[in-house]
Number of protein chains: 2
Amino acid sequence: METKITSATKEVIIGGDRPTVLIGERINPSGKKKLGESLKEGKLDIVRKEAKAQTEAGADILDVNVNIFGVDEPDLLPKAVKAVMETSELPLCIDSAVPEALEAAIKAYKGKPLINSVTGEEHSLAKVLPIIKKHGAAVIGLVQDDNGIPKTPEARLAVAKKIVERAEKLGIPREDIVIDCLSLAVGAETTSGTTALGTIRLIKEKLGVNMTLAVSNISFGLPDRELLNNAFVAACIAAGITCVIVDVKKIRPSVLAADLVMAHDKYARRYVENFRQRQQEPAQK
Amino acid sequence: METKITSATKEVIIGGDRPTVLIGERINPSGKKKLGESLKEGKLDIVRKEAKAQTEAGADILDVNVNIFGVDEPDLLPKAVKAVMETSELPLCIDSAVPEALEAAIKAYKGKPLINSVTGEEHSLAKVLPIIKKHGAAVIGLVQDDNGIPKTPEARLAVAKKIVERAEKLGIPREDIVIDCLSLAVGAETTSGTTALGTIRLIKEKLGVNMTLAVSNISFGLPDRELLNNAFVAACIAAGITCVIVDVKKIRPSVLAADLVMAHDKYARRYVENFRQRQQEPAQK
């Protein structure tokens, strides 16, 4: 299954045995004090800086999120989307829990964006899916519903099915839904990793849709987070995930290694090219 | 399924939802010129040094291999085994393609060793399995037969089945067989990684025996081999492998990260302990 996301000049295809698509996560004020403060003042210089840095680091899609207390998202999100479009040619993943902000940002966007996200909650399905349909966007579907986040792969599959069915009923094609299998801190719950990996395998087998997750959640609260993120992303890719929400600069080498292992990098072209790039900038590694 | 391997003083159990068992690969002259030269002279000082270093690095089992042109294996392998026993308390994996060398080394060994290896080839089954039975050892079964190395997971499963059946017919219990799923260079054959991972999943499902492989073969001929080895070992562990033949010092952090992701490290105890150890010896990392 192939999910197409576009900007004014670029097309990114998720899935279909292609290399793993990297969604850059760094335009998001969560845990980033400076970015948060600047967004509250309506300043977008850090947003532009992060857009440029992630594009240079090899991101395929950029997530844009301005959600922090004190920010008027329906006002600021379209502005942030425009600022990123002026800086990078990459397609965008427009990220908000506020449907009005999503729609305002989609209107400001040139291309077919990925929307982050709809959930299996009734209020979310009712508000977000019509926006996706109306604008012909693609959407990330989070496997949580009105009862919270399911604890087993089977229950997460059920929520994914519900989202896909409700979307299809509205005329949104299945290939425009990317299921977020949810990665939670393994330091807080021992089975977080196995549940996420089990969900990926089950959804791949039963639904066949593209999947994503925010890799670094797995390592929250633990030391040497990169080591854990690298191991987890390799396991996710081997299990069948097709795109990941990540700190691109840090994790891209491990993703390319996993893509090579999974036969998604013929002649090791991408892997070797990235190695050469890293050799040329050892200080920045 | 649990495979028990012992030394005079230690027991190692492979499988049964335990952390991945690490078999230290460095006592092996293949690609190690100095070790090879010293073995030809009958000297075992490097063998002792490697035994000590791998034990300190956190190996669970030490592989002992003295196979190099010019060495009389049935004479030297028992001596090497004794030298390692004098240096380390760890159980051993006795590694040779020469049945007479295996039997001589088993006789010199105190405990229940892991024997590396029998294959699905008729001459190997006929010569090695009776030695395993006679001495109550455990054995690694390589998924290759008289037709070579099968290219698909299904064909590798068939060879694994054949080895298990022939062993059981001789009275060797299934839990004393560890199948080597075979890792080959992904730089030479694009599907090496997917075939190995598919074999692991299939054997886990159909045979349920413990499995191993020599991780670093995957990266032969490619740059930044550790990056690729780390991604591959995480994928193998997530797929269900239960022990790995590795350069312990280099790969142990990634194995511990994968074990944590796979819920084989309650409270992240081993992961955090290893992190602290690495913090204390940054220069040696």
# chains A, B, ... in the order shown; residues from 1 in each chain; ligands from 1
call {"tool": "interface_residues", "arguments": {"of": "chain A", "to": "chain B", "cutoff": "10 Å", "atoms": "only C-alpha atoms", "output": "MDAnalysis selection string"}}
result
chainID A and resid 185:198 218:219 222:239 253:268 271:272 275:276
call {"tool": "select_by_dssp", "arguments": {"residues": "range 143-274 of chain A", "states": "alpha helix (DSSP H)", "output": "PyMOL selection string"}}
result
chain A and resi 153-169+192-206+225-239+248-261+269-274
call {"tool": "residues_around", "arguments": {"residues": "Leu22 in chain B", "least_positions_apart": "4", "cutoff": "9 Å", "atoms": "only C-alpha atoms", "output": "number ranges by chain"}}
result
B: 58-62, 243-248, 252, 255
call {"tool": "atom_distance", "arguments": {"atom1": "CA of Leu35 in chain A", "atom2": "CA of Asn217 in chain A"}}
result
19.6 Å
call {"tool": "residues_around", "arguments": {"residues": "Arg156 in chain B", "least_positions_apart": "5", "cutoff": "7 Å", "atoms": "only C-alpha atoms", "output": "ChimeraX atom specification"}}
result
/B:143,150,199
call {"tool": "closest_residue", "arguments": {"among": "A:Ile132, A:Ile106, A:Ala160, A:Ile68", "to": "Gly208 in chain A", "atoms": "only C-alpha atoms"}}
result
A:Ala160
call {"tool": "residues_around", "arguments": {"residues": "Asn65 in chain B", "least_positions_apart": "2", "cutoff": "10 Å", "atoms": "only C-alpha atoms", "output": "list in words"}}
result
Glu25, Arg26, Ile27, Asn28, Pro29, Ser30, Val47, Leu62, Asp63, Asn67, Ile68, Glu73, Leu76, Leu77, Ala80, Val81, Cys93, Ile94, Asp95, Ser96, Ala97 and Asn116 of chain B
call {"tool": "write_last_selection", "arguments": {"atoms": "N, CA, C and O atoms", "output": "short mmCIF file (atom, residue, chain, number, x, y, z; two decimals), in the first residue's frame"}}
result
data_model
loop_
_atom_site.label_atom_id
_atom_site.label_comp_id
_atom_site.auth_asym_id
_atom_site.auth_seq_id
_atom_site.Cartn_x
_atom_site.Cartn_y
_atom_site.Cartn_z
N GLU B 25 33.01 -14.41 20.42
CA GLU B 25 33.53 -15.02 19.17
C GLU B 25 35.02 -14.83 18.97
O GLU B 25 35.58 -15.30 17.98
N ARG B 26 35.70 -14.14 19.91
CA ARG B 26 37.04 -13.66 19.58
C ARG B 26 38.17 -14.70 19.66
O ARG B 26 39.28 -14.44 19.19
N ILE B 27 37.90 -15.87 20.26
CA ILE B 27 38.93 -16.90 20.23
C ILE B 27 38.74 -17.72 18.96
O ILE B 27 38.16 -18.81 18.95
N ASN B 28 39.21 -17.15 17.85
CA ASN B 28 39.00 -17.72 16.52
C ASN B 28 39.99 -17.03 15.59
O ASN B 28 39.95 -15.80 15.43
N PRO B 29 40.92 -17.79 15.01
CA PRO B 29 41.98 -17.15 14.21
C PRO B 29 41.53 -16.59 12.86
O PRO B 29 42.32 -15.91 12.20
N SER B 30 40.28 -16.84 12.49
CA SER B 30 39.82 -16.34 11.19
C SER B 30 39.88 -14.81 11.16
O SER B 30 39.22 -14.13 11.94
N VAL B 47 45.00 -16.56 23.40
CA VAL B 47 43.74 -17.23 23.75
C VAL B 47 43.34 -16.88 25.17
O VAL B 47 42.19 -16.52 25.45
N LEU B 62 31.99 -18.70 26.01
CA LEU B 62 33.11 -18.36 25.13
C LEU B 62 33.26 -19.42 24.04
O LEU B 62 33.35 -20.62 24.34
N ASP B 63 33.27 -18.98 22.80
CA ASP B 63 33.55 -19.88 21.69
C ASP B 63 35.07 -20.10 21.61
O ASP B 63 35.84 -19.15 21.77
N ASN B 67 40.95 -23.20 14.37
CA ASN B 67 41.06 -23.68 12.99
C ASN B 67 41.83 -22.73 12.09
O ASN B 67 41.31 -21.70 11.65
N ILE B 68 43.10 -23.10 11.82
CA ILE B 68 43.87 -22.37 10.82
C ILE B 68 44.83 -23.35 10.18
O ILE B 68 45.28 -24.32 10.81
N GLU B 73 44.27 -29.70 14.83
CA GLU B 73 43.14 -29.37 15.71
C GLU B 73 42.90 -30.41 16.83
O GLU B 73 42.68 -30.02 17.97
N LEU B 76 45.51 -29.48 19.34
CA LEU B 76 45.53 -28.13 19.92
C LEU B 76 44.21 -27.71 20.57
O LEU B 76 44.21 -26.98 21.58
N LEU B 77 43.07 -28.15 20.03
CA LEU B 77 41.79 -27.68 20.57
C LEU B 77 41.61 -28.06 22.05
O LEU B 77 41.22 -27.18 22.86
N ALA B 80 43.67 -25.68 24.04
CA ALA B 80 43.08 -24.34 24.10
C ALA B 80 41.91 -24.31 25.08
O ALA B 80 41.75 -23.36 25.85
N VAL B 81 41.11 -25.37 25.06
CA VAL B 81 39.98 -25.46 25.98
C VAL B 81 40.47 -25.43 27.43
O VAL B 81 39.91 -24.74 28.29
N CYS B 93 31.84 -22.92 24.26
CA CYS B 93 31.28 -23.40 22.99
C CYS B 93 32.47 -23.91 22.19
O CYS B 93 33.33 -23.12 21.78
N ILE B 94 32.57 -25.21 22.02
CA ILE B 94 33.73 -25.83 21.39
C ILE B 94 33.48 -25.93 19.89
O ILE B 94 32.53 -26.55 19.45
N ASP B 95 34.37 -25.28 19.13
CA ASP B 95 34.07 -24.94 17.74
C ASP B 95 35.09 -25.55 16.78
O ASP B 95 36.26 -25.13 16.73
N SER B 96 34.64 -26.54 16.01
CA SER B 96 35.53 -27.14 15.01
C SER B 96 34.69 -27.91 13.98
O SER B 96 33.60 -28.38 14.28
N ALA B 97 35.24 -28.03 12.78
CA ALA B 97 34.60 -28.85 11.76
C ALA B 97 35.17 -30.26 11.77
O ALA B 97 34.76 -31.11 10.99
N ASN B 116 29.95 -26.55 18.45
CA ASN B 116 29.73 -25.74 17.25
C ASN B 116 30.54 -26.36 16.11
O ASN B 116 31.74 -26.12 16.03
#
call {"tool": "residues_around", "arguments": {"residues": "Glu103 in chain A", "least_positions_apart": "6", "cutoff": "9 Å", "atoms": "only C-alpha atoms", "output": "list in words"}}
result
Pro74, Pro78, Val128, Ile131, Ile132 and His135 of chain A
call {"tool": "write_last_selection", "arguments": {"atoms": "C-alpha atoms", "output": "PDB file, in the first residue's frame"}}
result
ATOM      1  CA  PRO A  74      -5.737  28.217  14.682  1.00  0.00           C
ATOM      2  CA  PRO A  78      -0.975  28.296   9.446  1.00  0.00           C
ATOM      3  CA  VAL A 128     -11.225  15.423  11.892  1.00  0.00           C
ATOM      4  CA  ILE A 131     -11.664  17.809   7.163  1.00  0.00           C
ATOM      5  CA  ILE A 132      -9.409  15.095   5.713  1.00  0.00           C
ATOM      6  CA  HIS A 135      -9.221  18.630   1.504  1.00  0.00           C
TER       7      HIS A 135
END
call {"tool": "residues_around", "arguments": {"residues": "range 86-90 of chain A", "least_positions_apart": "6", "cutoff": "10 Å", "atoms": "only C-alpha atoms", "output": "count of residues only"}}
result
23
call {"tool": "closest_residue", "arguments": {"among": "A:Ala137, A:Leu102, A:Ile23, A:Val159", "to": "Glu121 in chain A", "atoms": "only C-alpha atoms"}}
result
A:Val159
call {"tool": "atom_distance", "arguments": {"atom1": "CA of Ile13 in chain B", "atom2": "CA of Glu100 in chain B"}}
result
26.9 Å
call {"tool": "atom_distance", "arguments": {"atom1": "CA of Ala155 in chain A", "atom2": "CA of Leu142 in chain A"}}
result
12.6 Å
